[in-house]
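Shown next: entry-v9.tsv, given as TSV, C-alpha atoms.
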```
chain	number	residue	atom	x	y	z
A	27	MET	CA	9.78	-16.26	-2.39
A	28	GLN	CA	9.59	-13.02	-0.44
A	29	GLN	CA	8.45	-13.16	3.17
A	30	ASP	CA	6.97	-9.69	3.77
A	31	LEU	CA	3.34	-10.79	4.09
A	32	ILE	CA	3.23	-10.05	7.81
A	33	GLY	CA	0.15	-9.45	9.92
A	34	GLU	CA	-2.22	-10.72	12.59
A	35	ALA	CA	-5.32	-8.66	11.81
A	36	PRO	CA	-8.39	-10.83	11.12
A	37	THR	CA	-9.03	-9.03	7.81
A	38	PHE	CA	-5.49	-9.83	6.67
A	39	LEU	CA	-5.50	-13.45	7.85
A	40	LYS	CA	-8.79	-13.98	6.04
A	41	VAL	CA	-7.14	-12.84	2.81
A	42	LEU	CA	-4.24	-15.27	3.30
A	43	ASP	CA	-6.68	-18.12	3.85
A	44	LYS	CA	-8.51	-17.23	0.66
A	45	VAL	CA	-5.23	-17.05	-1.28
A	46	SER	CA	-4.27	-20.54	-0.08
A	47	LYS	CA	-7.58	-21.97	-1.30
A	48	VAL	CA	-7.70	-20.31	-4.70
A	49	ALA	CA	-4.00	-20.95	-5.40
A	50	ALA	CA	-4.74	-24.63	-6.06
A	51	ILE	CA	-7.41	-23.88	-8.67
A	52	ASN	CA	-6.17	-23.23	-12.21
A	53	ARG	CA	-8.29	-20.13	-12.86
A	54	PRO	CA	-7.55	-16.42	-13.40
A	55	VAL	CA	-7.50	-14.36	-10.20
A	56	LEU	CA	-8.08	-10.64	-9.77
A	57	VAL	CA	-6.32	-8.86	-6.90
A	58	ILE	CA	-7.71	-5.46	-5.90
A	59	GLY	CA	-6.11	-3.11	-3.41
A	60	GLU	CA	-4.79	0.40	-2.84
A	61	ARG	CA	-1.20	1.28	-3.70
A	62	GLY	CA	1.30	-0.21	-1.30
A	63	THR	CA	-0.95	-2.99	0.02
A	64	GLY	CA	1.18	-5.82	-1.38
A	65	LYS	CA	-0.60	-6.94	-4.55
A	66	GLU	CA	2.58	-8.32	-6.11
A	67	LEU	CA	3.37	-10.27	-2.93
A	68	ILE	CA	-0.08	-11.84	-3.08
A	69	ALA	CA	0.55	-12.78	-6.72
A	70	GLN	CA	3.81	-14.44	-5.68
A	71	ARG	CA	2.02	-16.36	-2.94
A	72	LEU	CA	-0.65	-17.52	-5.40
A	73	HIS	CA	2.04	-18.79	-7.75
A	74	TYR	CA	4.25	-20.55	-5.20
A	75	LEU	CA	1.31	-22.26	-3.52
A	76	SER	CA	0.04	-23.57	-6.86
A	77	SER	CA	1.08	-26.64	-8.83
A	78	ARG	CA	3.02	-24.26	-11.10
A	79	TRP	CA	5.42	-23.25	-8.32
A	80	ASN	CA	8.49	-24.66	-10.12
A	81	GLN	CA	7.64	-22.94	-13.41
A	82	PRO	CA	8.26	-19.28	-14.40
A	83	LEU	CA	6.53	-16.37	-12.69
A	84	ILE	CA	6.62	-13.49	-15.17
A	85	THR	CA	5.39	-9.97	-14.33
A	86	LEU	CA	4.44	-6.92	-16.35
A	87	ASN	CA	3.24	-3.51	-15.19
A	88	CYS	CA	0.74	-2.44	-17.82
A	89	ALA	CA	1.07	1.23	-16.86
A	90	THR	CA	4.72	1.43	-17.89
A	91	LEU	CA	4.22	0.79	-21.62
A	92	SER	CA	2.41	2.47	-24.50
A	93	GLU	CA	-0.36	0.68	-26.41
A	94	GLY	CA	1.95	-0.60	-29.15
A	95	LEU	CA	4.69	-1.73	-26.79
A	96	ILE	CA	2.42	-3.54	-24.33
A	97	ASP	CA	0.96	-5.55	-27.23
A	98	SER	CA	4.45	-6.62	-28.28
A	99	GLU	CA	5.62	-7.26	-24.72
A	100	LEU	CA	2.68	-9.51	-23.94
A	101	PHE	CA	2.35	-11.47	-27.15
A	102	GLY	CA	5.72	-11.01	-28.84
A	103	HIS	CA	6.30	-9.93	-32.44
A	104	GLU	CA	7.65	-11.34	-35.66
A	105	ALA	CA	10.68	-9.92	-37.45
A	106	GLY	CA	9.70	-6.80	-39.39
A	107	ALA	CA	6.35	-6.47	-37.62
A	108	PHE	CA	7.01	-2.74	-37.25
A	109	THR	CA	9.74	-0.22	-37.84
A	110	GLY	CA	12.83	-1.09	-35.86
A	111	SER	CA	11.92	-4.72	-35.15
A	112	LYS	CA	15.00	-6.62	-36.37
A	113	GLY	CA	14.12	-10.09	-35.15
A	114	LYS	CA	11.44	-12.23	-33.55
A	115	HIS	CA	10.63	-11.14	-29.99
A	116	GLN	CA	9.42	-13.56	-27.33
A	117	GLY	CA	6.50	-12.06	-25.37
A	118	ARG	CA	5.64	-12.46	-21.70
A	119	PHE	CA	3.03	-15.14	-22.40
A	120	GLU	CA	5.61	-17.24	-24.19
A	121	ARG	CA	8.15	-16.75	-21.39
A	122	ALA	CA	5.52	-17.69	-18.79
A	123	GLU	CA	4.53	-20.93	-20.55
A	124	LYS	CA	3.42	-23.58	-17.99
A	125	GLY	CA	3.81	-20.94	-15.27
A	126	THR	CA	2.10	-17.74	-14.14
A	127	LEU	CA	1.81	-14.29	-15.69
A	128	PHE	CA	1.14	-11.40	-13.29
A	129	LEU	CA	-0.25	-8.23	-14.87
A	130	ASP	CA	-0.17	-5.23	-12.55
A	131	GLU	CA	-2.15	-2.01	-13.17
A	132	LEU	CA	-4.49	-3.94	-15.46
A	133	ALA	CA	-6.94	-1.03	-15.69
A	134	THR	CA	-4.43	0.88	-17.86
A	135	ALA	CA	-4.34	-1.84	-20.55
A	136	PRO	CA	-5.82	-0.61	-23.88
A	137	LEU	CA	-9.10	-2.13	-25.07
A	138	THR	CA	-7.36	-3.84	-27.99
A	139	VAL	CA	-5.03	-5.61	-25.56
A	140	GLN	CA	-7.98	-6.50	-23.32
A	141	GLU	CA	-9.62	-8.20	-26.32
A	142	LYS	CA	-6.51	-10.34	-26.91
A	143	LEU	CA	-6.31	-11.22	-23.20
A	144	LEU	CA	-9.91	-12.41	-23.37
A	145	ARG	CA	-9.03	-14.70	-26.27
A	146	VAL	CA	-6.12	-16.21	-24.36
A	147	ILE	CA	-8.35	-16.89	-21.34
A	148	GLU	CA	-11.22	-18.34	-23.40
A	149	TYR	CA	-9.33	-20.31	-26.06
A	150	GLY	CA	-5.78	-20.55	-24.74
A	151	GLN	CA	-4.37	-19.04	-27.94
A	152	TYR	CA	-2.74	-15.83	-29.14
A	153	GLU	CA	-0.78	-14.50	-32.11
A	154	ARG	CA	2.47	-12.56	-32.16
A	155	VAL	CA	2.27	-9.00	-33.48
A	156	GLY	CA	2.80	-9.24	-37.25
A	157	GLY	CA	2.16	-12.97	-37.20
A	158	HIS	CA	-0.70	-15.17	-38.35
A	159	ALA	CA	-0.04	-18.50	-36.70
A	160	SER	CA	-1.90	-19.25	-33.46
A	161	ILE	CA	0.26	-20.12	-30.47
A	162	ASN	CA	-1.15	-22.24	-27.66
A	163	ALA	CA	-0.80	-20.82	-24.15
A	164	ASN	CA	-0.70	-22.79	-20.92
A	165	VAL	CA	-0.42	-19.83	-18.56
A	166	ARG	CA	-2.25	-18.90	-15.39
A	167	LEU	CA	-3.20	-15.21	-15.34
A	168	ILE	CA	-3.16	-13.10	-12.18
A	169	CYS	CA	-4.17	-9.47	-12.57
A	170	ALA	CA	-4.07	-6.58	-10.11
A	171	THR	CA	-5.46	-3.07	-9.97
A	172	ASN	CA	-6.44	-0.31	-7.57
A	173	ALA	CA	-9.16	0.92	-9.93
A	174	ASP	CA	-12.91	0.32	-9.81
A	175	LEU	CA	-13.18	-2.08	-12.75
A	176	PRO	CA	-16.99	-2.55	-12.61
A	177	LYS	CA	-17.38	1.24	-12.82
A	178	MET	CA	-14.89	1.39	-15.69
A	179	ALA	CA	-16.80	-1.37	-17.46
A	180	GLU	CA	-20.06	0.57	-17.12
A	181	SER	CA	-18.41	3.62	-18.73
A	182	GLY	CA	-16.88	1.58	-21.56
A	183	GLN	CA	-13.28	1.90	-20.36
A	184	PHE	CA	-12.95	-1.81	-19.57
A	185	ARG	CA	-14.42	-4.84	-21.29
A	186	HIS	CA	-17.35	-6.40	-19.44
A	187	ASP	CA	-16.62	-9.86	-20.84
A	188	LEU	CA	-12.97	-9.73	-19.71
A	189	LEU	CA	-14.03	-8.61	-16.26
A	190	ASP	CA	-16.44	-11.56	-16.06
A	191	ARG	CA	-13.70	-14.03	-16.99
A	192	LEU	CA	-11.20	-12.54	-14.53
A	193	ALA	CA	-13.67	-12.53	-11.67
A	194	PHE	CA	-13.68	-16.27	-10.95
A	195	ASP	CA	-12.47	-15.03	-7.58
A	196	VAL	CA	-11.51	-11.56	-6.45
A	197	ILE	CA	-9.06	-10.97	-3.63
A	198	HIS	CA	-9.56	-7.63	-1.87
A	199	LEU	CA	-6.52	-6.47	0.09
A	200	PRO	CA	-7.38	-4.39	3.17
A	201	PRO	CA	-5.61	-1.02	3.51
A	202	LEU	CA	-3.30	-0.62	6.49
A	203	ARG	CA	-5.80	1.67	8.25
A	204	GLU	CA	-8.12	-1.37	8.44
A	205	ARG	CA	-5.32	-3.40	10.07
A	206	PRO	CA	-4.40	-1.19	13.08
A	207	GLN	CA	-3.03	-4.10	15.12
A	208	ASP	CA	-0.49	-4.79	12.36
A	209	ILE	CA	1.06	-1.31	12.23
A	210	LEU	CA	3.52	-1.72	15.12
A	211	LEU	CA	4.20	-5.33	14.14
A	212	LEU	CA	5.25	-4.22	10.66
A	213	ALA	CA	7.13	-1.22	12.02
A	214	ASP	CA	9.27	-3.44	14.26
A	215	HIS	CA	9.91	-5.84	11.38
A	216	TYR	CA	11.16	-3.14	9.01
A	217	ALA	CA	13.11	-1.38	11.77
A	218	ILE	CA	15.00	-4.54	12.72
A	219	ARG	CA	15.73	-5.30	9.08
A	220	MET	CA	17.05	-1.76	8.55
A	221	CYS	CA	19.27	-2.06	11.62
A	222	ARG	CA	20.83	-5.17	10.09
A	223	GLU	CA	21.36	-3.37	6.80
A	224	LEU	CA	23.11	-0.49	8.61
A	225	ASN	CA	25.12	-2.91	10.79
A	226	LEU	CA	23.64	-1.48	13.98
A	227	ASP	CA	24.07	-3.63	17.09
A	228	TYR	CA	20.36	-3.76	17.94
A	229	PHE	CA	17.03	-2.01	17.50
A	230	VAL	CA	16.50	0.53	20.30
A	231	GLY	CA	12.72	0.67	19.85
A	232	PHE	CA	10.37	3.62	19.42
A	233	SER	CA	9.54	6.26	22.01
A	234	SER	CA	5.97	6.49	23.29
A	235	SER	CA	5.34	9.61	21.20
A	236	ALA	CA	6.65	7.89	18.06
A	237	LEU	CA	4.43	4.88	18.76
A	238	GLY	CA	1.47	7.25	19.07
A	239	GLU	CA	2.30	8.86	15.73
A	240	LEU	CA	2.62	5.49	14.02
A	241	GLY	CA	-0.74	4.41	15.39
A	242	SER	CA	-2.65	7.59	14.57
A	243	TYR	CA	-1.32	8.22	11.06
A	244	SER	CA	-3.69	7.31	8.22
A	245	TRP	CA	-1.05	5.63	5.97
A	246	PRO	CA	-2.41	6.57	2.51
A	247	GLY	CA	0.56	4.72	1.00
A	248	ASN	CA	-0.13	1.66	3.17
A	249	VAL	CA	2.63	-0.87	3.96
A	250	ARG	CA	5.05	0.57	1.40
A	251	GLU	CA	4.78	4.01	3.02
A	252	LEU	CA	5.18	2.58	6.53
A	253	LYS	CA	8.33	0.76	5.39
A	254	ASN	CA	9.80	4.00	4.05
A	255	VAL	CA	8.94	5.99	7.19
A	256	VAL	CA	10.41	3.37	9.53
A	257	GLU	CA	13.57	2.80	7.52
A	258	ARG	CA	14.09	6.58	7.26
A	259	ALA	CA	13.66	6.92	11.03
A	260	VAL	CA	16.24	4.21	11.77
A	261	TYR	CA	18.69	5.76	9.31
A	262	ILE	CA	18.30	9.26	10.79
A	263	HIS	CA	18.54	7.98	14.38
A	264	GLY	CA	21.74	6.07	13.74
A	265	ASN	CA	23.43	4.38	16.70
A	266	LYS	CA	22.10	6.64	19.44
A	267	PRO	CA	21.11	4.59	22.52
A	268	GLU	CA	17.75	6.24	23.27
A	269	PRO	CA	14.51	5.08	21.56
A	270	ILE	CA	13.64	6.51	18.16
A	271	ASP	CA	11.57	9.65	18.59
A	272	GLU	CA	11.74	11.38	15.19
A	273	LEU	CA	9.50	10.22	12.35
A	274	VAL	CA	9.57	11.99	9.00
A	275	PHE	CA	6.34	11.23	7.19
A	276	SER	CA	7.07	13.57	4.29
A	277	PRO	CA	10.72	14.14	3.31
A	278	PHE	CA	9.49	16.91	1.01
A	279	GLU	CA	8.59	19.15	3.98
A	280	PRO	CA	11.57	21.41	4.89
A	281	SER	CA	12.76	21.02	8.47
A	282	TRP	CA	12.53	24.75	9.26
A	283	ILE	CA	8.74	24.70	8.66
A	284	LYS	CA	8.30	22.02	11.33
A	285	GLN	CA	10.63	23.88	13.70
A	286	LYS	CA	8.61	27.08	13.24
A	287	SER	CA	5.35	25.23	13.81
A	288	THR	CA	6.72	23.66	16.97
A	289	ALA	CA	7.84	27.05	18.29
A	290	ASN	CA	4.44	28.63	17.58
A	291	SER	CA	2.64	25.88	19.45
A	292	SER	CA	4.87	25.85	22.56
A	293	ASP	CA	2.85	28.43	24.52
A	294	SER	CA	-0.41	26.64	23.76
A	295	GLN	CA	1.13	23.30	24.74
A	296	ARG	CA	2.34	24.63	28.11
A	297	THR	CA	-1.15	25.93	28.86
A	298	THR	CA	-2.64	22.55	27.99
A	299	ASN	CA	-0.16	20.70	30.19
A	300	HIS	CA	-1.00	22.97	33.14
A	301	THR	CA	-4.72	22.36	32.65
A	302	GLU	CA	-4.22	18.61	32.50
A	303	ASN	CA	-2.11	18.55	35.65
A	304	MET	CA	-4.87	20.35	37.55
A	305	ARG	CA	-7.31	17.54	36.67
A	306	LEU	CA	-5.35	14.56	37.90
A	307	THR	CA	-7.23	12.47	40.43
A	308	PHE	CA	-6.44	8.94	41.54
A	309	PRO	CA	-7.38	6.17	41.02
A	310	MET	CA	-7.98	6.88	37.32
A	311	ASN	CA	-8.57	5.17	33.97
A	312	TYR	CA	-5.53	6.33	32.05
A	313	LYS	CA	-6.86	5.40	28.60
A	314	GLU	CA	-10.12	7.29	29.05
A	315	TRP	CA	-8.26	10.27	30.54
A	316	GLN	CA	-5.80	10.37	27.63
A	317	GLU	CA	-8.57	10.18	25.04
A	318	ALA	CA	-10.51	12.93	26.78
A	319	MET	CA	-7.42	15.17	26.86
A	320	ASP	CA	-6.67	14.49	23.19
A	321	ILE	CA	-10.23	15.32	22.18
A	322	GLU	CA	-10.25	18.51	24.25
A	323	LEU	CA	-6.89	19.59	22.82
A	324	LEU	CA	-7.99	18.89	19.25
A	325	ASN	CA	-11.27	20.79	19.69
A	326	ALA	CA	-9.46	23.76	21.23
A	327	THR	CA	-6.84	23.79	18.52
A	328	MET	CA	-9.40	23.55	15.73
A	329	LYS	CA	-11.28	26.48	17.23
A	330	GLU	CA	-8.07	28.51	17.49
A	331	ALA	CA	-7.26	27.63	13.85
A	332	LYS	CA	-10.79	28.63	12.74
A	333	TYR	CA	-11.39	24.99	11.80
A	334	SER	CA	-8.59	24.82	9.26
A	335	GLN	CA	-6.98	21.39	9.72
A	336	ARG	CA	-3.77	22.53	8.05
A	337	LYS	CA	-3.46	25.49	10.44
A	338	ALA	CA	-4.32	23.26	13.41
A	339	ALA	CA	-1.57	20.84	12.40
A	340	GLU	CA	0.91	23.75	12.36
A	341	LEU	CA	-0.19	24.89	15.81
A	342	LEU	CA	0.44	21.41	17.21
A	343	GLY	CA	3.68	20.82	15.33
A	344	LEU	CA	2.15	17.90	13.43
A	345	SER	CA	1.96	17.11	9.75
A	346	TYR	CA	-1.42	17.54	8.05
A	347	HIS	CA	-1.82	13.77	7.68
A	348	GLN	CA	-1.00	13.16	11.36
A	349	LEU	CA	-3.70	15.58	12.49
A	350	ARG	CA	-6.24	14.09	10.08
A	351	GLY	CA	-5.42	10.66	11.49
A	352	MET	CA	-6.18	11.86	15.03
A	353	VAL	CA	-9.43	13.51	13.91
A	354	ARG	CA	-10.54	10.23	12.32
A	355	LYS	CA	-9.36	8.21	15.32
A	356	TYR	CA	-11.70	10.09	17.67
A	357	ASN	CA	-14.51	10.51	15.10
A	358	LEU	CA	-14.44	14.29	15.48
A	359	SER	CA	-16.62	16.27	13.13
A	360	ASN	CA	-14.83	19.43	12.08
A	361	LYS	CA	-15.30	22.00	9.37
A	362	GLN	CA	-13.22	21.35	6.24
A	363	ASP	CA	-10.28	23.47	5.16
A	364	SER	CA	-11.28	26.43	3.19
```
How would this structure read if it were set down as structure tokens?
Amino acid sequence: MQQDLIGEAPTFLKVLDKVSKVAAINRPVLVIGERGTGKELIAQRLHYLSSRWNQPLITLNCATLSEGLIDSELFGHEAGAFTGSKGKHQGRFERAEKGTLFLDELATAPLTVQEKLLRVIEYGQYERVGGHASINANVRLICATNADLPKMAESGQFRHDLLDRLAFDVIHLPPLRERPQDILLLADHYAIRMCRELNLDYFVGFSSSALGELGSYSWPGNVRELKNVVERAVYIHGNKPEPIDELVFSPFEPSWIKQKSTANSSDSQRTTNHTENMRLTFPMNYKEWQEAMDIELLNATMKEAKYSQRKAAELLGLSYHQLRGMVRKYNLSNKQDS
């Protein structure tokens, strides 16, 4: 069993508590969450905390197969069921007998497959493709999606009756932006693990600026994206003794663009630093002072960029997502990009 379900945020701990309770009940479970939030890890936890823990856990991503193939993969097929089928094929339900079947990206399953899933849940039976004999199924079903299934059901894209049967309990995974206290905890975890993989002596930590970037970024790809960013940073940094300062949020952005943006913003940054130094008075509340300076800098930059967030990000030497994260952090209301 994997051990990457890490976090201390109340929203996350509440999910783990719910998983522990529903794991013991032999009912279908629906897991809903954005990409990269750990839906498969939750499915694994549900299985290994259940009475079926020593039986098979079989998975299938519904989005990876066409309508004909997903039917065969789930329920199996008889020899000669279709062109090219040379022998009997054992489907995922048959392989998961007495265990758990995890179906990811359920929203992409065709309506014909949804109808067969409903029959398995209601009657515990299915037929192989090209077959006529009913096969009994003793399988617990866990399904996951990042789609709005109730909305899809209203538009006829998903079966209402299947949704009702799957919704004995629904587990909603919080996105990483709703777990801010877990960001640095997860970053340290993945950094240390990457150091071991690269045979580095120890993890040197992150610089204060890198910590700020990690905390202010919006993480649209959630934990999976954070893992990639941190592991990339450790790899690039290598065995240098100083803390990690460089974070590459998008490897698709050429380095010379960032260098140009940094050069263009240097004059503005020096002016800002001078202004800030003139305002230092002691004793002071550092957190309030820092927030005030950040807000003033963002407002000034947005005005200079004519309220284009992409241009403002270039002026500050930040990625577009980093700047958007800061704007959201301070609840600034700015004009949208044109």
So that each row is one residue of range 145-225 of chain A with an atom at most 12 Å from range 230-253 of chain A, can you give its shortest atom pair and the distance in Å to one decimal, using all atoms listed in the file, rows by chain and rising number, as a tab-separated table?
```
residue	atom	partner	partner_atom	distance
A:Leu199	CA	A:Asn248	CA	10.8
A:Pro200	CA	A:Asn248	CA	9.4
A:Pro201	CA	A:Asn248	CA	6.1
A:Leu202	CA	A:Asn248	CA	5.1
A:Arg203	CA	A:Ser244	CA	6.0
A:Glu204	CA	A:Ser244	CA	9.7
A:Arg205	CA	A:Asn248	CA	10.0
A:Pro206	CA	A:Gly241	CA	7.1
A:Gln207	CA	A:Gly241	CA	8.8
A:Asp208	CA	A:Gly241	CA	9.7
A:Ile209	CA	A:Gly241	CA	6.8
A:Leu210	CA	A:Leu240	CA	7.3
A:Leu211	CA	A:Leu240	CA	10.9
A:Leu212	CA	A:Lys253	CA	7.9
A:Ala213	CA	A:Leu252	CA	7.0
A:Asp214	CA	A:Gly231	CA	7.7
A:His215	CA	A:Lys253	CA	9.1
A:Tyr216	CA	A:Lys253	CA	6.0
A:Ala217	CA	A:Lys253	CA	8.3
A:Ile218	CA	A:Gly231	CA	9.1
A:Arg219	CA	A:Lys253	CA	10.3
A:Met220	CA	A:Lys253	CA	9.6
A:Cys221	CA	A:Val230	CA	9.5
```
Please produce an output containing C-alpha atoms for each residue in the selection, written as a JSON list (two decimals), in the frame of the given file.
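Output contents, as saved in out_29.json:
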```
[["chain", "number", "residue", "atom", "x", "y", "z"],
["A", 199, "LEU", "CA", -6.52, -6.47, 0.09],
["A", 200, "PRO", "CA", -7.38, -4.39, 3.17],
["A", 201, "PRO", "CA", -5.61, -1.02, 3.51],
["A", 202, "LEU", "CA", -3.30, -0.62, 6.49],
["A", 203, "ARG", "CA", -5.80, 1.67, 8.25],
["A", 204, "GLU", "CA", -8.12, -1.37, 8.44],
["A", 205, "ARG", "CA", -5.32, -3.40, 10.07],
["A", 206, "PRO", "CA", -4.40, -1.19, 13.08],
["A", 207, "GLN", "CA", -3.03, -4.10, 15.12],
["A", 208, "ASP", "CA", -0.49, -4.79, 12.36],
["A", 209, "ILE", "CA", 1.06, -1.31, 12.23],
["A", 210, "LEU", "CA", 3.52, -1.72, 15.12],
["A", 211, "LEU", "CA", 4.20, -5.33, 14.14],
["A", 212, "LEU", "CA", 5.25, -4.22, 10.66],
["A", 213, "ALA", "CA", 7.13, -1.22, 12.02],
["A", 214, "ASP", "CA", 9.27, -3.44, 14.26],
["A", 215, "HIS", "CA", 9.91, -5.84, 11.38],
["A", 216, "TYR", "CA", 11.16, -3.14, 9.01],
["A", 217, "ALA", "CA", 13.11, -1.38, 11.77],
["A", 218, "ILE", "CA", 15.00, -4.54, 12.72],
["A", 219, "ARG", "CA", 15.73, -5.30, 9.08],
["A", 220, "MET", "CA", 17.05, -1.76, 8.55],
["A", 221, "CYS", "CA", 19.27, -2.06, 11.62]]
```
| field | Interatomic distance, CA of Glu34 in chain A to CA of Gln348 in chain A (Å, one decimal) | value |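 Pair CA of Glu34 in chain A / CA of Gln348 in chain A returns 23.9 Å.
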| query | Which one is closest to Glu279 in chain A: A:Phe229, A:His263, A:Leu344, A:Tyr333? Count all atoms listed in the file. | reply |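 The closest residue to Glu279 in chain A is A:Leu344.
Taking CA of Tyr152 in chain A and CA of Phe101 in chain A as the two end points, the separation is 7.0 Å.
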| said: Is it possible to get the residues within 12 Å of (-2.6, -19.7, -0.7) (coordinates as in the file, counting all atoms listed in the file) written as a list of chain:residue names? | reply: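 All residues meeting the 12 Å criterion around (-2.6, -19.7, -0.7) are A:Leu31, A:Leu39, A:Lys40, A:Val41, A:Leu42, A:Asp43, A:Lys44, A:Val45, A:Ser46, A:Lys47, A:Val48, A:Ala49, A:Ala50, A:Ile51, A:Val55, A:Leu67, A:Ile68, A:Ala69, A:Gln70, A:Arg71, A:Leu72, A:His73, A:Tyr74, A:Leu75, A:Ser76, A:Ser77, A:Trp79, A:Ile197.
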| query | Using all atoms listed in the file, which residue out of A:Tyr356, A:Asp130, A:Ala89, A:Asn172 lies closest to Glu314 in chain A? | reply | A:Tyr356
| field | Among listed residues A:Gly102, A:Gly343, A:Gly64, A:Gly264, nearest Phe38 in chain A (using only C-alpha atoms) | value |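 The closest residue to Phe38 in chain A is A:Gly64.
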| said: Could you check which residues have any atom within 9 Å of (7.3, -11.7, -19.7), counting only C-alpha atoms with coordinates taken straight from the file, and then list them as a PyMOL selection string? | reply: chain A and resi 83-86+99-101+116-122+127-128
Selected residues written out with C-alpha atoms, as a PDB file, in the coordinates of the input:
```pdb
ATOM      1  CA  LEU A  83       6.530 -16.370 -12.690  1.00  0.00           C
ATOM      2  CA  ILE A  84       6.620 -13.490 -15.170  1.00  0.00           C
ATOM      3  CA  THR A  85       5.390  -9.970 -14.330  1.00  0.00           C
ATOM      4  CA  LEU A  86       4.440  -6.920 -16.350  1.00  0.00           C
ATOM      5  CA  GLU A  99       5.620  -7.260 -24.720  1.00  0.00           C
ATOM      6  CA  LEU A 100       2.680  -9.510 -23.940  1.00  0.00           C
ATOM      7  CA  PHE A 101       2.350 -11.470 -27.150  1.00  0.00           C
ATOM      8  CA  GLN A 116       9.420 -13.560 -27.330  1.00  0.00           C
ATOM      9  CA  GLY A 117       6.500 -12.060 -25.370  1.00  0.00           C
ATOM     10  CA  ARG A 118       5.640 -12.460 -21.700  1.00  0.00           C
ATOM     11  CA  PHE A 119       3.030 -15.140 -22.400  1.00  0.00           C
ATOM     12  CA  GLU A 120       5.610 -17.240 -24.190  1.00  0.00           C
ATOM     13  CA  ARG A 121       8.150 -16.750 -21.390  1.00  0.00           C
ATOM     14  CA  ALA A 122       5.520 -17.690 -18.790  1.00  0.00           C
ATOM     15  CA  LEU A 127       1.810 -14.290 -15.690  1.00  0.00           C
ATOM     16  CA  PHE A 128       1.140 -11.400 -13.290  1.00  0.00           C
TER      17      PHE A 128
END
```
Sort by chain and increasing residue number a table of all residues of range 90-165 of chain A within 9 Å of range 175-191 of chain A, each with its closest pair of atoms and their distance in Å to one decimal, counting all atoms listed in the file, and write it as a Markdown table.
```
| residue | atom | partner | partner_atom | distance |
| --- | --- | --- | --- | --- |
| A:Ala133 | CA | A:Leu175 | CA | 7.0 |
| A:Ala135 | CA | A:Phe184 | CA | 8.7 |
| A:Pro136 | CA | A:Phe184 | CA | 8.4 |
| A:Leu137 | CA | A:Phe184 | CA | 6.7 |
| A:Gln140 | CA | A:Arg185 | CA | 7.0 |
| A:Glu141 | CA | A:Leu188 | CA | 7.6 |
| A:Leu143 | CA | A:Leu188 | CA | 7.7 |
| A:Leu144 | CA | A:Leu188 | CA | 5.5 |
| A:Ile147 | CA | A:Arg191 | CA | 7.5 |
| A:Glu148 | CA | A:Arg191 | CA | 8.1 |
```
| query | Quick one: distance from CA of Glu123 in chain A to CA of Ala159 in chain A in Å, one decimal? | reply | 17.0 Å
| field | Option closest in space to Gly156 in chain A, from A:Lys124, A:Lys114, A:His103, A:His198 [counting all atoms listed in the file] | value | A:His103
| query | Quick one: of A:Lys332, A:Arg222, A:Arg61, A:Arg53, who's nearest to Asn164 in chain A, counting all atoms listed in the file? | reply | A:Arg53
